[in-house]
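A.B. asks: So that you have it, the file is entry39.pdb, and it contains PDB, C-alpha atoms:
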ATOM      1  CA  MET L 120       0.000   0.000   0.000
ATOM      2  CA  ASN L 121       1.303   3.416  -0.910
ATOM      3  CA  ARG L 122       2.039   5.149   2.396
ATOM      4  CA  ASN L 123       2.459   8.557   0.720
ATOM      5  CA  ASN L 124      -1.302   8.878   0.341
ATOM      6  CA  ASP L 125      -3.926   9.159   3.042
ATOM      7  CA  VAL L 126      -4.591   5.738   4.533
ATOM      8  CA  PHE L 127      -7.795   5.421   6.524
ATOM      9  CA  GLU L 128      -8.509   2.544   8.856
ATOM     10  CA  THR L 129     -11.858   0.960   9.679
ATOM     11  CA  THR L 130     -11.894  -1.595  12.502
ATOM     12  CA  PHE L 131     -14.659  -4.018  13.484
ATOM     13  CA  HIS L 132     -15.271  -7.554  14.734
ATOM     14  CA  VAL L 133     -15.846 -10.390  12.263
ATOM     15  CA  ARG L 134     -19.509 -11.335  12.530
ATOM     16  CA  PHE L 135     -20.720 -14.940  12.651
ATOM     17  CA  ALA L 136     -22.865 -14.426   9.531
ATOM     18  CA  GLU L 137     -19.682 -13.638   7.563
ATOM     19  CA  THR L 138     -18.110 -17.039   8.224
ATOM     20  CA  ASP L 139     -18.433 -20.669   7.194
ATOM     21  CA  GLN L 140     -18.808 -23.719   9.508
ATOM     22  CA  MET L 141     -15.140 -23.489  10.451
ATOM     23  CA  GLY L 142     -15.437 -19.853  11.523
ATOM     24  CA  VAL L 143     -13.415 -18.635   8.521
ATOM     25  CA  VAL L 144     -14.591 -15.511   6.675
ATOM     26  CA  HIS L 145     -16.184 -16.317   3.302
ATOM     27  CA  HIS L 146     -14.148 -14.988   0.389
ATOM     28  CA  ALA L 147     -16.994 -12.789  -0.923
ATOM     29  CA  VAL L 148     -17.166 -10.835   2.340
ATOM     30  CA  TYR L 149     -13.904  -9.031   1.592
ATOM     31  CA  ALA L 150     -15.543  -7.153  -1.303
ATOM     32  CA  VAL L 151     -18.136  -5.844   1.191
ATOM     33  CA  TRP L 152     -15.374  -4.863   3.609
ATOM     34  CA  PHE L 153     -13.577  -3.016   0.805
ATOM     35  CA  GLU L 154     -16.773  -1.075   0.124
ATOM     36  CA  GLU L 155     -17.035  -0.109   3.784
ATOM     37  CA  GLY L 156     -13.392   0.959   3.691
ATOM     38  CA  ARG L 157     -14.074   3.228   0.676
ATOM     39  CA  SER L 158     -17.133   4.712   2.357
ATOM     40  CA  GLN L 159     -15.201   5.385   5.569
ATOM     41  CA  TRP L 160     -12.299   6.865   3.579
ATOM     42  CA  MET L 161     -14.722   9.402   2.062
ATOM     43  CA  ARG L 162     -16.370  10.178   5.419
ATOM     44  CA  ALA L 163     -12.988  10.666   7.091
ATOM     45  CA  ARG L 164     -12.138  13.243   4.423
ATOM     46  CA  GLY L 165     -15.384  15.118   5.110
ATOM     47  CA  ARG L 166     -17.859  13.910   2.488
ATOM     48  CA  ASP L 167     -20.167  10.975   1.983
ATOM     49  CA  TYR L 168     -20.766   8.778  -1.042
ATOM     50  CA  ALA L 169     -24.466   9.603  -0.715
ATOM     51  CA  GLU L 170     -23.602  13.156  -1.876
ATOM     52  CA  PHE L 171     -21.899  11.769  -4.962
ATOM     53  CA  ASP L 172     -24.907   9.581  -5.698
ATOM     54  CA  ALA L 173     -27.324  12.489  -5.111
ATOM     55  CA  GLY L 174     -25.505  14.343  -7.896
ATOM     56  CA  GLY L 175     -26.512  11.617 -10.343
ATOM     57  CA  ILE L 176     -23.085  10.013 -10.600
ATOM     58  CA  ASN L 177     -22.220   6.427  -9.734
ATOM     59  CA  LEU L 178     -18.832   4.810  -9.299
ATOM     60  CA  ALA L 179     -19.296   1.364 -10.799
ATOM     61  CA  VAL L 180     -16.755  -1.306  -9.874
ATOM     62  CA  THR L 181     -15.071  -2.496 -13.075
ATOM     63  CA  GLU L 182     -12.348  -4.579 -11.500
ATOM     64  CA  LEU L 183     -11.905  -6.318  -8.156
ATOM     65  CA  ARG L 184      -8.671  -8.010  -7.178
ATOM     66  CA  ILE L 185      -8.258  -9.850  -3.886
ATOM     67  CA  ARG L 186      -5.195 -11.763  -2.673
ATOM     68  CA  TYR L 187      -5.743 -13.978   0.342
ATOM     69  CA  HIS L 188      -2.743 -14.309   2.645
ATOM     70  CA  ARG L 189      -4.307 -15.725   5.828
ATOM     71  CA  PRO L 190      -7.892 -16.424   6.877
ATOM     72  CA  ALA L 191      -9.863 -13.973   8.974
ATOM     73  CA  ARG L 192     -11.843 -15.725  11.694
ATOM     74  CA  TYR L 193     -15.070 -15.241  13.607
ATOM     75  CA  GLY L 194     -14.791 -12.987  16.653
ATOM     76  CA  ARG L 195     -11.440 -11.474  15.704
ATOM     77  CA  ARG L 196     -11.055  -7.740  15.204
ATOM     78  CA  VAL L 197      -9.964  -6.769  11.710
ATOM     79  CA  THR L 198      -8.836  -3.455  10.278
ATOM     80  CA  VAL L 199      -9.416  -2.458   6.666
ATOM     81  CA  ARG L 200      -6.802   0.041   5.490
ATOM     82  CA  THR L 201      -7.977   2.018   2.473
ATOM     83  CA  CYS L 202      -5.872   4.211   0.200
ATOM     84  CA  MET L 203      -6.801   6.085  -2.988
ATOM     85  CA  LYS L 204      -4.190   5.125  -5.584
ATOM     86  CA  SER L 205      -5.305   7.296  -8.495
ATOM     87  CA  VAL L 206      -8.128   9.447  -9.806
ATOM     88  CA  ARG L 207      -8.676  10.175 -13.455
ATOM     89  CA  SER L 208     -11.356  12.129 -15.295
ATOM     90  CA  ARG L 209     -13.661   9.109 -15.563
ATOM     91  CA  GLY L 210     -12.460   6.695 -12.895
ATOM     92  CA  MET L 211     -10.377   5.823  -9.886
ATOM     93  CA  GLU L 212      -8.387   3.010  -8.296
ATOM     94  CA  VAL L 213      -8.381   2.164  -4.580
ATOM     95  CA  SER L 214      -6.098  -0.230  -2.705
ATOM     96  CA  TYR L 215      -6.774  -2.141   0.513
ATOM     97  CA  GLU L 216      -5.134  -4.183   3.218
ATOM     98  CA  VAL L 217      -7.042  -6.210   5.776
ATOM     99  CA  VAL L 218      -5.084  -7.013   8.915
ATOM    100  CA  ASP L 219      -5.833  -8.776  12.169
ATOM    101  CA  SER L 220      -6.151  -5.799  14.517
ATOM    102  CA  ASP L 221      -4.574  -7.542  17.490
ATOM    103  CA  SER L 222      -1.752  -9.587  15.928
ATOM    104  CA  GLY L 223      -1.041  -7.264  12.999
ATOM    105  CA  ASP L 224      -1.038 -10.252  10.625
ATOM    106  CA  LEU L 225      -1.725  -9.329   7.011
ATOM    107  CA  LEU L 226      -4.850 -11.226   5.934
ATOM    108  CA  VAL L 227      -5.808  -9.818   2.529
ATOM    109  CA  THR L 228      -4.600  -7.267   0.002
ATOM    110  CA  GLY L 229      -6.536  -5.992  -2.953
ATOM    111  CA  ASN L 230      -7.694  -3.191  -5.151
ATOM    112  CA  THR L 231     -10.776  -1.983  -6.972
ATOM    113  CA  ARG L 232     -11.125   0.067 -10.128
ATOM    114  CA  HIS L 233     -14.182   2.190 -10.738
ATOM    115  CA  VAL L 234     -15.686   4.050 -13.654
ATOM    116  CA  SER L 235     -17.962   7.065 -13.319
ATOM    117  CA  THR L 236     -21.406   6.612 -14.875
ATOM    118  CA  ASP L 237     -24.641   8.539 -15.007
ATOM    119  CA  ARG L 238     -27.933   6.964 -13.925
ATOM    120  CA  SER L 239     -28.414   5.375 -17.348
ATOM    121  CA  GLY L 240     -25.020   3.636 -17.091
ATOM    122  CA  ARG L 241     -23.248   5.855 -19.617
ATOM    123  CA  VAL L 242     -19.599   6.635 -18.772
ATOM    124  CA  VAL L 243     -19.228  10.311 -17.804
ATOM    125  CA  ARG L 244     -16.574  12.625 -16.436
ATOM    126  CA  ILE L 245     -16.277  12.929 -12.679
ATOM    127  CA  PRO L 246     -17.152  16.539 -11.758
ATOM    128  CA  ASP L 247     -14.009  18.614 -11.090
ATOM    129  CA  GLU L 248     -15.081  19.259  -7.491
ATOM    130  CA  TRP L 249     -15.122  15.514  -6.846
ATOM    131  CA  VAL L 250     -11.858  14.893  -8.701
ATOM    132  CA  ARG L 251     -10.202  17.383  -6.348
ATOM    133  CA  PHE L 252     -11.859  15.755  -3.315
ATOM    134  CA  LEU L 253     -10.947  12.199  -4.313
ATOM    135  CA  SER L 254      -7.431  13.015  -5.438
ATOM    136  CA  PRO L 255      -4.736  11.409  -3.255
ATOM    137  CA  GLU L 256      -2.616  14.559  -3.601
ATOM    138  CA  ARG L 257      -5.256  16.626  -1.827
TER     139      ARG L 257
END
Show the structure stored in the file as structure tokens.

C.D. replies:
Amino acid sequence: MNRNNDVFETTFHVRFAETDQMGVVHHAVYAVWFEEGRSQWMRARGRDYAEFDAGGINLAVTELRIRYHRPARYGRRVTVRTCMKSVRSRGMEVSYEVVDSDSGDLLVTGNTRHVSTDRSGRVVRIPDEWVRFLSPER
């Protein structure tokens, strides 16, 4: 993860519903955790994704990459570290690390790419105000 950019951390306990019979987090849950990390990243910088959506713009996920290093387990505290890697006129890329909050063990790394669309799904430019807000150089 690029430490030169703002890294925001979101910490919570793994819920039972997120695990299989062995108490291991299901692989699909990490995509949900990444989304929460992105939402918290925006809130920590002073805005909310709901504002973006209210302006008629969506950030559709076009790519999701997840690398599993170690399993997360029921009842453990995990921290999602979120960092904006890049923002362009029509999209952005975000990187993530999920760590065990108590041991510090790296559990998962990943990234998402997004494209800006209007309500009809047509690719559009991200408004300049939002490009400035999202930009890691801010």

A.B. asks: Name the residues captured by the PyMOL selection byres ((chain L and resi 157) around 10) when it is applied to the shown file; answer as a list in words.

C.D. replies: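 When the PyMOL selection byres ((chain L and resi 157) around 10) is applied, the selected residues are Phe127, Glu128, Thr129, Val151, Trp152, Phe153, Glu154, Glu155, Gly156, Ser158, Gln159, Trp160, Met161, Arg162, Ala163, Asp167, Tyr168, Val199, Arg200, Thr201, Cys202, Met203, Val213, Ser214, Tyr215 and Thr231 of chain L.
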
A.B. asks: Apply the PyMOL selection byres ((chain L and resi 208) around 9) to the displayed file and report the matching residues as a list in words.

C.D. replies: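 Selected by the PyMOL selection byres ((chain L and resi 208) around 9) here: Val206, Arg207, Arg209, Gly210, Met211, Ser235, Val243, Arg244, Ile245, Pro246, Asp247 and Val250 of chain L.
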
A.B. asks: Nearest to Val217 of chain L: which of L:Lys204, L:Arg186, L:Arg232, L:Arg241 is it, counting all atoms listed in the file?

C.D. replies: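 Smallest distance to Val217 of chain L is found for L:Arg186.
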
A.B. asks: Excluding Tyr193 of chain L and any residue of its chain fewer than 3 positions from it, enumerate the residues within 7 Å of it, using only C-alpha atoms, and give them as a count of residues only.

C.D. replies: 7

A.B. asks: As an exercise, work out the distance from atom CA of Leu226 of chain L to atom CA of Val180 of chain L in Å and give it to one decimal place.

C.D. replies: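 Interatomic distance here is 22.1 Å.
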
A.B. asks: To one decimal in Å, tell me the separation between atom CA of Met141 of chain L and atom CA of Gly194 of chain L.

C.D. replies: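 Straight-line distance from atom CA of Met141 of chain L to atom CA of Gly194 of chain L works out to 12.2 Å.
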
A.B. asks: Any chance you could work out the residue set of the PyMOL selection byres ((chain L and resi 176-178) around 7) here, as an MDAnalysis selection string?

C.D. replies: chainID L and resid 171:172 174:175 179:180 233:238

A.B. asks: With only C-alpha atoms as the basis for distance, which of L:Gly165, L:Ser254, L:Val148, L:Ser205 is at the shortest distance from Pro190 of chain L?

C.D. replies: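 For Pro190 of chain L, the nearest of the candidates is L:Val148.
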
A.B. asks: Which residue, L:Ser239, L:Asp125, L:Asn230, L:Gly223, has the smallest gap to Glu256 of chain L when you use all atoms listed in the file?

C.D. replies: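 So, comparing all the options, the nearest one is L:Asp125.
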
A.B. asks: Would you list the contacts of Phe131 of chain L as a PyMOL selection string, taking every protein, DNA or RNA residue within 9 Å and counting all atoms listed in the file, but skipping same-chain residues closer than 6 positions in sequence?

C.D. replies: chain L and resi 195-199+220

A.B. asks: When you count all atoms listed in the file, which of these residues is closest to His146 of chain L: L:Arg251, L:Arg192, L:Arg164, L:His132?

C.D. replies: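 Closest candidate: L:Arg192.
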
A.B. asks: So which one's closest to Glu216 of chain L, L:Thr130, L:Thr228, L:Thr181, L:Gln140? Using all atoms listed in the file, please.

C.D. replies: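 Nearest candidate to Glu216 of chain L out of L:Thr130, L:Thr228, L:Thr181, L:Gln140: L:Thr228.
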
A.B. asks: Kindly give the distance, in Å, that separates atom CA of His188 of chain L and atom CA of Leu225 of chain L, rounded to a single decimal.

C.D. replies: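 Separation of atom CA of His188 of chain L and atom CA of Leu225 of chain L: 6.7 Å.
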
A.B. asks: Check the smallest atom-to-atom distance from each of L:Val242, L:Leu253, L:Ala136, L:Ala147 to Ile185 of chain L using all atoms listed in the file, then report the winner.

C.D. replies: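 Smallest separation from Ile185 of chain L among the options: L:Ala147.
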